[in-house]
Every structure is written in structure tokens, then in C-alpha cells.
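Student: So that you have it, the file is structure-v7.txt, and it contains compact mmCIF, C-alpha atoms:
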```
# COMPACT_ATOMS: atom_id res chain seq x y z
CA MET L 17 42.04 -13.62 22.04
CA SER L 18 44.93 -11.28 21.93
CA ASP L 19 43.29 -8.60 19.82
CA VAL L 20 40.33 -7.97 22.03
CA PRO L 21 41.12 -7.77 25.71
CA LYS L 22 39.09 -9.65 28.30
CA GLY L 23 35.91 -7.90 29.28
CA VAL L 24 35.24 -6.16 25.95
CA SER L 25 31.58 -6.38 24.97
CA ALA L 26 30.32 -8.55 22.10
CA GLN L 27 29.37 -5.43 20.13
CA ALA L 28 32.84 -3.99 20.53
CA ALA L 29 34.34 -7.33 19.56
CA ALA L 30 32.52 -7.10 16.19
CA ILE L 31 34.54 -3.97 15.31
CA PRO L 32 37.76 -4.86 13.46
CA ALA L 33 40.59 -5.29 15.94
CA PRO L 34 43.04 -2.84 14.28
CA LEU L 35 40.39 -0.09 14.46
CA ILE L 36 39.77 -0.76 18.14
CA ARG L 37 43.51 -0.72 18.79
CA ARG L 38 44.00 2.56 16.91
CA SER L 39 41.12 4.27 18.65
CA ARG L 40 42.29 3.00 22.06
CA ALA L 41 45.80 4.25 21.37
CA GLU L 42 44.45 7.66 20.35
CA ASP L 43 42.33 7.85 23.52
CA ASP L 44 45.37 6.86 25.56
CA ARG L 45 47.42 9.62 23.97
CA ASN L 46 44.83 12.23 24.87
CA LEU L 47 44.49 10.92 28.42
CA VAL L 48 48.26 10.89 28.85
CA ARG L 49 48.44 14.50 27.66
CA GLU L 50 45.74 15.52 30.15
CA ALA L 51 47.44 13.56 32.94
CA GLN L 52 50.75 15.22 32.14
CA GLU L 53 49.02 18.57 32.54
CA GLY L 54 47.97 17.50 36.03
CA SER L 55 44.58 15.84 35.59
CA GLU L 56 44.26 13.09 38.17
CA SER L 57 40.96 11.92 36.71
CA ALA L 58 42.69 11.32 33.37
CA PHE L 59 45.28 9.17 35.06
CA GLU L 60 42.57 7.29 36.94
CA GLU L 61 40.93 6.58 33.61
CA LEU L 62 44.26 5.28 32.28
CA ILE L 63 44.43 2.94 35.28
CA ARG L 64 40.93 1.71 34.52
CA ARG L 65 41.79 1.06 30.89
CA HIS L 66 44.98 -0.86 31.60
CA GLN L 67 44.47 -2.47 35.00
CA GLN L 68 43.36 -5.80 33.57
CA ARG L 69 46.37 -6.16 31.28
CA VAL L 70 48.76 -5.07 34.03
CA PHE L 71 47.20 -7.67 36.35
CA GLY L 72 47.63 -10.29 33.62
CA LEU L 73 51.22 -9.32 32.98
CA VAL L 74 52.19 -9.17 36.64
CA GLY L 75 50.31 -12.39 37.39
CA GLY L 76 51.90 -14.10 34.40
CA ILE L 77 55.37 -13.28 35.69
CA LEU L 78 54.91 -13.69 39.44
CA ARG L 79 52.30 -16.48 39.52
CA ARG L 80 51.67 -15.41 43.10
CA HIS L 81 48.15 -14.18 43.01
CA GLU L 82 48.29 -12.72 46.49
CA ASP L 83 51.03 -10.28 45.41
CA VAL L 84 49.56 -9.21 42.08
CA GLU L 85 47.44 -6.33 43.36
CA ASP L 86 50.28 -4.85 45.40
CA VAL L 87 52.74 -4.97 42.52
CA ALA L 88 50.14 -3.63 40.08
CA GLN L 89 49.57 -0.63 42.36
CA GLN L 90 53.29 -0.07 42.50
CA VAL L 91 53.41 -0.14 38.69
CA PHE L 92 50.80 2.60 38.42
CA LEU L 93 52.54 4.65 41.11
CA LYS L 94 55.82 4.47 39.17
CA ALA L 95 53.99 5.36 35.96
CA PHE L 96 52.39 8.38 37.63
CA VAL L 97 55.70 9.63 38.99
CA SER L 98 57.50 9.28 35.64
CA LEU L 99 54.61 10.32 33.41
CA LYS L 100 56.02 13.81 32.85
CA ARG L 101 59.10 12.26 31.27
CA PHE L 102 57.07 9.98 28.97
CA ASP L 103 57.39 11.50 25.48
CA GLN L 104 54.68 9.34 23.80
CA ARG L 105 57.12 8.05 21.18
CA SER L 106 55.93 4.54 22.03
CA ALA L 107 52.39 3.55 22.95
CA PHE L 108 51.41 4.21 26.56
CA SER L 109 50.52 0.53 26.95
CA THR L 110 54.00 -0.62 25.85
CA TRP L 111 55.64 1.87 28.22
CA LEU L 112 53.39 0.77 31.07
CA TYR L 113 53.99 -2.94 30.40
CA LYS L 114 57.74 -2.36 30.43
CA ILE L 115 57.40 -0.71 33.83
CA SER L 116 55.35 -3.74 34.92
CA VAL L 117 58.05 -6.21 33.84
CA ASN L 118 60.77 -4.20 35.63
CA GLU L 119 58.65 -3.89 38.74
CA CYS L 120 58.07 -7.66 38.80
CA TRP L 121 61.80 -8.33 38.58
CA ASP L 122 62.51 -5.78 41.31
CA TYR L 123 59.89 -7.42 43.45
CA LEU L 124 61.28 -10.92 42.92
CA ARG L 125 64.80 -9.68 43.58
CA LYS L 126 63.81 -7.93 46.79
CA LYS L 127 61.83 -10.89 48.04
CA LYS L 128 64.56 -13.25 46.86
CA VAL L 129 62.01 -15.80 45.69
CA ARG L 130 61.46 -17.79 42.56
CA PRO L 131 58.09 -17.01 41.02
CA LEU L 132 56.45 -20.24 42.22
CA VAL L 133 57.75 -23.49 43.65
CA TYR L 134 55.72 -26.60 44.31
CA GLU L 135 56.84 -28.95 47.02
CA SER L 136 54.60 -31.99 46.75
CA ASP L 137 53.85 -34.22 43.79
CA LEU L 138 50.66 -35.40 42.11
CA SER L 139 49.72 -39.04 42.29
CA GLU L 140 49.82 -41.35 39.28
CA GLU L 141 46.04 -41.50 39.31
CA GLN L 142 45.72 -37.72 39.21
CA VAL L 143 48.15 -37.45 36.32
CA SER L 144 46.33 -40.04 34.23
CA ARG L 145 43.00 -38.33 34.92
CA LEU L 146 44.41 -35.03 33.72
CA ASP L 147 45.89 -36.77 30.74
CA GLY L 148 42.36 -37.81 29.85
CA ILE L 149 41.12 -34.20 30.08
CA VAL L 150 43.76 -32.99 27.66
CA SER L 151 43.50 -35.89 25.22
CA GLN L 152 39.73 -35.48 24.97
CA ASP L 153 40.12 -31.70 24.87
CA ARG L 154 37.30 -31.24 27.37
CA PRO L 155 37.15 -28.81 30.27
CA PRO L 156 37.79 -30.21 33.76
CA ALA L 157 34.64 -31.75 35.26
CA GLY L 158 34.56 -29.92 38.57
CA PRO L 159 36.44 -27.55 40.82
CA SER L 160 38.70 -30.26 42.24
CA GLU L 161 39.63 -31.55 38.78
CA ARG L 162 40.24 -27.98 37.64
CA ALA L 163 42.45 -27.34 40.64
CA GLU L 164 44.43 -30.51 39.96
CA ALA L 165 44.83 -29.60 36.30
CA ARG L 166 46.06 -26.14 37.19
CA GLU L 167 48.51 -27.51 39.66
CA LEU L 168 49.95 -29.94 37.14
CA VAL L 169 50.29 -27.23 34.50
CA GLU L 170 52.03 -24.93 36.98
CA ARG L 171 54.45 -27.71 37.83
CA MET L 172 55.22 -28.35 34.21
CA LEU L 173 55.72 -24.66 33.62
CA GLU L 174 58.04 -24.50 36.59
CA LYS L 175 60.48 -26.78 34.77
CA LEU L 176 60.88 -24.28 31.96
CA PRO L 177 63.46 -21.51 31.81
CA GLU L 178 62.10 -18.28 33.26
CA GLN L 179 61.60 -16.43 29.98
CA ASP L 180 59.95 -19.39 28.22
CA ARG L 181 57.54 -19.83 31.08
CA GLN L 182 56.62 -16.15 31.06
CA LEU L 183 56.18 -16.09 27.30
CA LEU L 184 53.85 -19.10 27.33
CA LEU L 185 51.79 -17.80 30.21
CA LEU L 186 51.50 -14.31 28.84
CA LYS L 187 50.55 -15.58 25.40
CA GLU L 188 48.28 -18.50 26.19
CA VAL L 189 46.86 -17.64 29.58
CA GLU L 190 46.90 -13.86 29.78
CA GLY L 191 46.13 -13.20 26.12
CA PHE L 192 49.07 -11.03 25.03
CA SER L 193 49.85 -11.05 21.33
CA VAL L 194 53.23 -11.99 19.90
CA GLU L 195 53.73 -8.36 18.83
CA GLU L 196 52.96 -7.07 22.30
CA LEU L 197 55.35 -9.57 23.89
CA ALA L 198 58.07 -8.60 21.44
CA ALA L 199 57.63 -4.92 22.34
CA ILE L 200 57.48 -5.52 26.10
CA LEU L 201 60.47 -7.85 26.24
CA GLU L 202 62.37 -5.96 23.53
CA LEU L 203 62.71 -9.00 21.31
CA ASN L 204 62.25 -9.59 17.62
CA VAL L 205 58.74 -10.85 16.71
CA ASN L 206 60.19 -13.91 15.00
CA THR L 207 62.33 -14.68 18.04
CA VAL L 208 59.22 -14.61 20.22
CA LYS L 209 57.44 -17.01 17.88
CA VAL L 210 60.34 -19.45 17.80
CA ARG L 211 60.78 -19.28 21.58
CA LEU L 212 57.10 -19.89 22.12
CA PHE L 213 57.13 -22.84 19.77
CA ARG L 214 60.19 -24.39 21.40
CA ALA L 215 58.78 -23.75 24.87
CA ARG L 216 55.64 -25.66 23.92
CA GLY L 217 57.80 -28.58 22.83
CA ARG L 218 59.83 -28.40 26.00
CA ILE L 219 56.81 -28.39 28.28
CA MET L 220 55.60 -31.61 26.66
CA GLU L 221 59.06 -33.09 26.95
CA HIS L 222 58.92 -32.54 30.71
CA TYR L 223 55.45 -33.98 30.81
CA ARG L 224 56.52 -37.06 28.87
CA LYS L 225 59.45 -37.61 31.22
CA ARG L 226 57.07 -37.40 34.11
CA VAL L 227 54.59 -39.81 32.57
CA SER L 228 57.33 -42.25 31.57
CA GLY L 229 58.51 -42.11 35.19
CA HIS L 230 55.04 -43.20 36.25
CA ASP L 231 54.21 -45.86 33.69
CA SER L 232 54.93 -46.09 29.97
CA MET L 233 56.21 -43.83 27.21
CA GLU L 234 52.63 -43.24 26.08
CA PHE L 235 52.37 -39.64 24.92
CA PRO L 236 49.48 -37.77 26.52
CA GLY L 237 46.61 -37.44 24.13
CA GLY L 238 48.85 -38.30 21.23
CA GLY L 239 47.51 -41.83 20.97
CA GLY L 240 50.80 -43.56 20.34
CA LYS L 241 54.45 -44.00 21.17
CA GLU L 242 56.55 -40.90 20.80
CA GLY L 243 59.94 -40.95 19.19
CA HIS L 244 63.01 -39.19 20.51
CA VAL L 245 62.80 -35.39 20.24
CA MET Z 4 64.66 -31.70 5.04
CA SER Z 5 66.83 -28.95 6.45
CA ALA Z 6 68.76 -29.02 9.70
CA GLU Z 7 66.62 -29.82 12.70
CA VAL Z 8 66.76 -27.93 15.98
CA ARG Z 9 65.79 -29.02 19.47
CA SER Z 10 62.05 -28.65 18.87
CA GLY Z 11 62.28 -31.44 16.31
CA ALA Z 12 60.91 -29.19 13.59
CA CYS Z 13 62.77 -27.64 10.67
CA SER Z 14 64.14 -24.29 11.82
CA GLU Z 15 62.46 -22.31 9.01
CA TYR Z 16 59.08 -23.79 9.93
CA GLU Z 17 59.13 -23.08 13.67
CA ALA Z 18 57.72 -19.55 13.47
CA ILE Z 19 55.28 -20.66 10.76
CA ILE Z 20 53.93 -23.48 12.93
CA GLU Z 21 53.63 -21.06 15.83
CA ASP Z 22 51.51 -18.76 13.64
CA TYR Z 23 49.49 -21.78 12.53
CA LEU Z 24 48.78 -22.68 16.17
CA SER Z 25 47.65 -19.11 16.85
CA GLY Z 26 45.41 -19.22 13.76
CA GLN Z 27 47.32 -16.30 12.22
CA LEU Z 28 48.98 -17.98 9.28
CA PRO Z 29 48.36 -16.19 5.96
CA GLY Z 30 46.98 -18.27 3.05
CA ALA Z 31 50.19 -18.68 1.07
CA GLU Z 32 52.19 -19.84 4.06
CA LEU Z 33 49.37 -22.12 5.15
CA LYS Z 34 49.55 -23.91 1.79
CA LYS Z 35 53.32 -24.15 2.13
CA LEU Z 36 52.99 -25.70 5.59
CA GLU Z 37 50.24 -28.08 4.50
CA GLY Z 38 52.49 -29.26 1.69
CA HIS Z 39 55.45 -29.66 4.02
CA LEU Z 40 53.84 -31.47 6.98
CA PRO Z 41 53.07 -34.83 5.30
CA ARG Z 42 56.67 -35.01 4.06
CA CYS Z 43 58.31 -34.06 7.38
CA PRO Z 44 57.79 -36.31 10.42
CA GLY Z 45 59.85 -33.94 12.58
CA CYS Z 46 57.55 -30.98 11.93
CA SER Z 47 54.40 -33.13 12.23
CA ALA Z 48 55.47 -34.49 15.62
CA ALA Z 49 56.50 -31.02 16.82
CA LEU Z 50 53.16 -29.58 15.72
CA GLU Z 51 51.33 -32.33 17.59
CA ARG Z 52 53.37 -31.71 20.73
CA ALA Z 53 52.88 -27.97 20.51
CA SER Z 54 49.12 -28.22 20.06
CA LEU Z 55 48.90 -30.56 23.06
CA ALA Z 56 50.93 -28.12 25.12
CA THR Z 57 48.52 -25.39 24.08
CA ARG Z 58 45.62 -27.49 25.32
CA TRP Z 59 47.42 -28.06 28.61
CA LEU Z 60 48.10 -24.37 28.98
CA ARG Z 61 44.40 -23.61 28.66
CA LEU Z 62 44.02 -25.34 32.01
CA ALA Z 63 46.34 -22.87 33.73
CA GLU Z 64 44.75 -20.36 36.02
CA PRO Z 65 44.66 -16.83 34.68
CA SER Z 66 45.64 -13.96 36.92
CA PRO Z 67 42.98 -12.55 39.21
CA GLU Z 68 40.79 -9.77 37.89
CA PRO Z 69 41.25 -6.38 39.49
CA GLY Z 70 38.47 -5.48 41.88
CA PRO Z 71 35.93 -2.81 40.86
CA ALA Z 72 37.53 -0.26 43.17
CA PHE Z 73 41.12 -0.94 42.10
CA ALA Z 74 41.55 2.27 40.09
CA ARG Z 75 40.08 4.41 42.86
CA ILE Z 76 42.16 2.71 45.58
CA THR Z 77 45.31 2.99 43.49
CA MET Z 78 44.69 6.66 42.81
CA ALA Z 79 44.18 7.26 46.53
CA ARG Z 80 47.46 5.47 47.27
CA ILE Z 81 49.24 7.53 44.62
CA ARG Z 82 47.92 10.77 46.15
CA GLN Z 83 49.03 9.60 49.58
CA GLU Z 84 52.52 8.61 48.44
CA VAL Z 85 53.03 11.79 46.44
CA ALA Z 86 51.88 13.93 49.37
CA ALA Z 87 54.16 12.03 51.77
CA SER Z 88 57.09 12.48 49.43
CA GLU Z 89 56.35 16.22 49.06
CA GLN Z 90 56.04 16.55 52.83
CA SER Z 91 59.33 14.81 53.54
CA LYS Z 92 60.93 16.91 50.82
CA GLY Z 93 59.47 20.05 52.47
CA PHE Z 94 60.76 19.13 55.92
CA TRP Z 95 64.31 18.43 54.77
CA GLN Z 96 64.45 21.22 52.19
CA PRO Z 97 66.15 23.88 54.47
CA PHE Z 98 68.72 21.33 55.66
CA VAL Z 99 69.40 20.18 52.15
CA ALA Z 100 69.82 23.79 50.97
CA LEU Z 101 72.16 24.54 53.88
CA ALA Z 102 74.18 21.43 53.19
CA TRP Z 103 74.54 22.41 49.53
CA ARG Z 104 75.66 25.92 50.45
CA PHE Z 105 78.21 24.53 52.93
CA ALA Z 106 79.49 22.05 50.36
CA ALA Z 107 79.85 24.82 47.76
CA THR Z 108 81.76 27.08 50.19
CA VAL Z 109 84.09 24.27 51.22
CA THR Z 110 84.79 23.49 47.57
CA VAL Z 111 85.65 27.12 46.78
CA VAL Z 112 87.93 27.42 49.84
CA LEU Z 113 89.68 24.17 48.99
CA ALA Z 114 90.16 25.29 45.40
CA LEU Z 115 91.68 28.60 46.57
CA MET Z 116 93.99 26.85 49.00
CA VAL Z 117 95.18 24.41 46.40
CA SER Z 118 95.83 27.13 43.81
CA PHE Z 119 97.69 29.25 46.40
CA GLU Z 120 99.81 26.28 47.39
CA LEU Z 121 100.62 25.55 43.77
CA ALA Z 122 101.61 29.14 43.13
CA GLN Z 123 103.92 29.12 46.18
CA HIS Z 124 105.49 25.90 45.10
CA HIS Z 125 106.05 27.31 41.64
CA ARG Z 126 107.78 30.38 43.05
CA ALA Z 127 109.95 28.36 45.47
CA SER Z 128 111.28 26.10 42.77
CA PRO Z 129 112.80 28.23 39.98
CA THR Z 130 114.04 26.75 36.74
CA THR Z 131 117.42 25.00 36.35
CA THR Z 132 119.00 27.87 34.42
CA ALA Z 133 118.08 30.37 37.11
CA VAL Z 134 119.57 28.09 39.76
CA ALA Z 135 122.78 27.70 37.78
CA ALA Z 136 123.10 31.47 37.29
CA GLU Z 137 122.55 32.06 40.98
CA ARG Z 138 125.19 29.50 41.91
CA VAL Z 139 127.77 31.20 39.59
CA ASN Z 140 127.08 34.55 41.23
CA ASP Z 141 127.51 33.06 44.68
CA MET Z 142 130.86 31.49 43.75
CA HIS Z 143 132.12 34.71 42.21
CA TYR Z 144 131.25 36.54 45.39
CA MET Z 145 133.04 33.93 47.52
CA PHE Z 146 136.28 34.27 45.61
CA THR Z 147 136.22 37.94 44.93
CA ALA Z 148 134.48 39.53 47.84
CA ASP Z 149 137.42 39.40 50.31
CA THR Z 150 140.09 40.62 47.89
CA GLU Z 151 138.13 43.51 46.57
CA GLN Z 152 136.86 44.52 49.97
CA VAL Z 153 137.46 48.20 50.62
CA PRO Z 154 138.85 48.93 54.17
CA ALA Z 155 136.41 50.91 56.20
CA ASN Z 156 138.91 52.60 58.56
CA ARG Z 157 142.57 53.13 59.39
CA ASP Z 158 142.88 50.02 61.55
CA GLN Z 159 141.63 47.83 58.72
CA VAL Z 160 144.16 49.42 56.34
CA LEU Z 161 146.99 48.69 58.79
CA LEU Z 162 145.71 45.15 59.27
CA MET Z 163 145.60 44.53 55.54
CA VAL Z 164 149.15 45.92 55.11
CA ALA Z 165 150.39 43.70 57.98
CA GLU Z 166 148.65 40.62 56.42
CA ASN Z 167 150.21 41.36 53.03
CA ASP Z 168 153.64 41.80 54.63
CA HIS Z 169 153.29 38.55 56.48
CA GLY Z 170 152.15 36.79 53.29
CA ASN Z 171 155.07 38.11 51.25
CA ARG Z 172 157.60 36.92 53.78
```
Output the structure of this file as C-alpha cells.
Tutor:
Amino acid sequence: MSDVPKGVSAQAAAIPAPLIRRSRAEDDRNLVREAQEGSESAFEELIRRHQQRVFGLVGGILRRHEDVEDVAQQVFLKAFVSLKRFDQRSAFSTWLYKISVNECWDYLRKKKVRPLVYESDLSEEQVSRLDGIVSQDRPPAGPSERAEARELVERMLEKLPEQDRQLLLLKEVEGFSVEELAAILELNVNTVKVRLFRARGRIMEHYRKRVSGHDSMEFPGGGGKEGHV
Amino acid sequence: MSAEVRSGACSEYEAIIEDYLSGQLPGAELKKLEGHLPRCPGCSAALERASLATRWLRLAEPSPEPGPAFARITMARIRQEVAASEQSKGFWQPFVALAWRFAATVTVVLALMVSFELAQHHRASPTTTAVAAERVNDMHYMFTADTEQVPANRDQVLLMVAENDHGNR
């Protein structure tokens, strides 16, 4: 998922991912050069090429879908203003994603809000239904079940430390690769992997606590009692 | 089994299991993990938890897709913002230039005043040796000036003679 961005055609997906990446990076370099020389159409093309990933990144951090477009626009504005100073030592995408992360933090700081906070709670019945979805590894049956599932996942994610939550969302939901996350967040690749792995464990720990609060210590989808982690 | 961390898995297997979950584990490491899992309940349980979490995460809602006109709208906003910034820069430019000139002049004047003041202060406060020499001269004058004073006229000569006479008596 991470190698080929959403929306790439089946034919393009058949081309080896490293080749696609290299060619995209080369195209980006040329477009950046043209944009630095004053071509607005080149910059517009850069927006087109990266808008989806920027939306994913911003949405993964903010989790406030109504604000994503505004912040994404701000990201591209900042990129346009500082493009002359961009020396192309790193990939344009990495540079742009770093701007996105900073812009999200600025936005959250200015608004003085946590990314997403749920007030109400799901019923026991809803939780056990969702448990069934995950244990059978089937997609939610309808829009209401999907909405419930999403809400429960968001609540579980909310219990995680900020960076763990972002890492999981960006990796599993928005399709960023471990290498991309390491570059964006300026972390070691191995650190990202370990954090992701631990965050997965932690999210299930919160879930188990929640389930054990409702009924038993039955582990969701695990089909048995779970020992102490 | 080596020391366990909070995930419940062996620390050296955490990144490997993460790669395994992403389907990016190279052959040699895959064999190593497959050999390790049956012998390590901690890693097996952690793997099970992590794969369940991954399934849960698939239910999360991805971010909205940008609309078809996003790039065009963004570019229009950029043009607008850049133009507005240029315009505001253009309006304030003469005032800013004037302010800079004024600030530069004030700085130069202040620097001149300070250096003049320092020079004056330096001149007004000579060194200790000079002060001492001046004091010696003053004292010498005090004790010698009257005795070696040359009378200017006849009256002064008579007065001096009379004073000497009076002193001798």
C-alpha cells in the first residue's frame, strides 16, 4: 500500500515501485526547478501530484476532516513562499511533508485543541458487534456499522500518546511507509518500526481494558483468555 | 529468551515482527522469526495482538480526498495572498525606508555623542603621576611665590623693608 499511492492506475501499479518512485522524484525535481524560476503552472502540477498525500498526512494528524482542506492549502502556500530557499538536497515530498507536520502543530497550538476528543461512550452491544467484525476479519455490514467501527477505533486511538497515534494512522490508514515516516518525523527507521509495534500492542491493551470493563477478559478475536502483558 | 519490554515481545524481535506484519520481512529473517515464535509465548502473543490491532485500524476512516479543483483553488489563493503581501509591502515601503534612515541617523549621532563624551572624560581625568606632579608644583609655588616676589614699585619696597624690620624685632 505504501509504495503505490492511492489513485494510481492498475497499469502503473504493475511497474516496480522503486522505478515509479525514482521517476516521480525526478519529475518533482524538474517541476521544482521550473517553479523556482517562476512557473506557476509547475507549482500547480506539484500541488496536484502531492495533494493526496498532504491530505492524508494532515488528516492523520488532525483527525478533524473539516479542517484538513484549510490546513493543506496553508501547507502549499508556505511551500510556495519558501520554495526559492529549497535546495533540493532532500526529496521535495519529504520537505513538503515536514512543512505539513509543522503546519498541523501550529494549527493545533493556535486553536488550542487536542486532535480529537470523544465525549460519549459506545454501548456494550455495539462493542461486542464490532468485536465480531474484527474477529471474523470481515468488512462492516452497512454504513451504520462502519460508522460505529470507526468511532470505536478513533476512541481507542485517542488513548494512545500523540506520536504513537499519528504513526499508526499514517502507516495503516493513510498508507505512508516506515521510511517515509522516519524521514518526516526525523526518526530512525528501526525506531519507527518498534514504536509502531508497541503502539499496536498498546491499542489492544486499551481495548482489552474496555472489554473487561464491560464483561469478561475475553480477548477480541483472539479466541481465548489473554495473559498479562 | 532475552529481556522482555512492554510489548511483551523480545526487544530484538519487535522491529522484525513489525516488518512481518507489513509483509516486508526478507526470507532469512522470516525463517528466523518462524523458528523463534513457537518457542516464545511473549512474541507469539504480541504478534497476535499486533495483527488484531492492524485489523482494527483498517476500520478507521481515511482522510478525505481532495476535491478535483483543489490544486486550482489553492493556486488562486496563493496568488491572492502573494499579491496582498506585495501590496502591503508596497504601501508601507516608503515609511519603512524612512524609519530605517531615521534609525541609522540616530545611531550615528548617538555614537558621535558617546565618543565625544568619552574623549572629554579622558582629558578631564589625567593619570595619577600627572596629578602628583601638578600638586608638587602648586605647593612649591605656595611656599616660594611670596618670598621671591619682586616689588613692583617704591611703596612695595618700603613695605617689605618695614615688614622685615618688624619681623626682626
Student: When you look at segment 56-72 of chain Z with a cut-off of 8 Å (counting only C-alpha atoms), what residues show up, excluding the ones that are within fewer than 3 positions of it in the same chain? I need them as a PyMOL selection string.
Tutor: (chain L and resi 67-68+71-72+75-76+79+81+84-85+150+153+155+162+165-167+169-170+184-185+188-190+216-217+219-220) or (chain Z and resi 52-53+75-76)
Student: Go through Z:Ser91, Z:Thr77, Z:Ser47, Z:Ser25 and flag the residue nearest chain L, using all atoms listed in the file for the distances.
Tutor: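 Counting all atoms listed in the file, the residue closest to chain L is Z:Thr77.
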Student: Please report the interatomic distance between atom CA of Glu15 of chain Z and atom CA of Ser151 of chain L in Å with one decimal.
Tutor: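 Value for the atom CA of Glu15 of chain Z-atom CA of Ser151 of chain L distance: 28.4 Å.
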Student: For the point (44.1, 13.8, 27.5) in the file's frame, write as a tab-separated table (two decimals) with C-alpha atoms, in the frame of the given file all residues with an atom no more than 12 Å away, counting all atoms listed in the file.
Tutor:
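And here is the file that came out, point_3.tsv:
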```tsv
chain	number	residue	atom	x	y	z
L	41	ALA	CA	45.80	4.25	21.37
L	42	GLU	CA	44.45	7.66	20.35
L	43	ASP	CA	42.33	7.85	23.52
L	44	ASP	CA	45.37	6.86	25.56
L	45	ARG	CA	47.42	9.62	23.97
L	46	ASN	CA	44.83	12.23	24.87
L	47	LEU	CA	44.49	10.92	28.42
L	48	VAL	CA	48.26	10.89	28.85
L	49	ARG	CA	48.44	14.50	27.66
L	50	GLU	CA	45.74	15.52	30.15
L	51	ALA	CA	47.44	13.56	32.94
L	52	GLN	CA	50.75	15.22	32.14
L	53	GLU	CA	49.02	18.57	32.54
L	54	GLY	CA	47.97	17.50	36.03
L	55	SER	CA	44.58	15.84	35.59
L	56	GLU	CA	44.26	13.09	38.17
L	57	SER	CA	40.96	11.92	36.71
L	58	ALA	CA	42.69	11.32	33.37
L	59	PHE	CA	45.28	9.17	35.06
L	60	GLU	CA	42.57	7.29	36.94
L	61	GLU	CA	40.93	6.58	33.61
L	62	LEU	CA	44.26	5.28	32.28
```
Student: What is the distance between atom CA of Arg80 of chain L and atom CA of Ala79 of chain Z, in Å to one decimal?
Tutor: 24.1 Å
Student: Could you state the separation of atom CA of Asn118 of chain L and atom CA of Val91 of chain L in Å, given to one decimal place?
Tutor: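 So the two atoms, atom CA of Asn118 of chain L and atom CA of Val91 of chain L, lie 8.9 Å apart.
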Student: Find the residue from L:Ala163, L:Lys187, L:Arg181, L:Leu197 that sits nearest to Ile77 of chain L; use all atoms listed in the file when measuring.
Tutor: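 For Ile77 of chain L, the nearest of the candidates is L:Arg181.
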Student: Taking only C-alpha atoms into account, name the residue in L:Arg171, L:Ile115, L:Arg64, L:Glu195 that is nearest to chain Z.
Tutor: L:Arg64
Student: Of the candidates L:Glu196, L:Glu140, L:Asp103, L:Glu221, which shows the shortest atom-to-atom distance to chain Z, using all atoms listed in the file?
Tutor: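 The shortest atom-to-atom distance to chain Z comes from L:Glu221.
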Student: Write out as JSON an axis-aligned box for segment 99-112 of chain Z: all of its atoms listed in the file, 5 Å added on each side, centre and edge lengths in Å with one decimal.
Tutor:
```
{"center_x": 78.7, "center_y": 23.8, "center_z": 50.3, "size_x": 28.5, "size_y": 17.2, "size_z": 17.1}
```
Student: Ranking L:Leu78, L:Ala215, L:Val117, L:Val87 by minimum distance to Leu173 of chain L and counting only C-alpha atoms, which one comes first?
Tutor: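 Smallest distance to Leu173 of chain L is found for L:Ala215.
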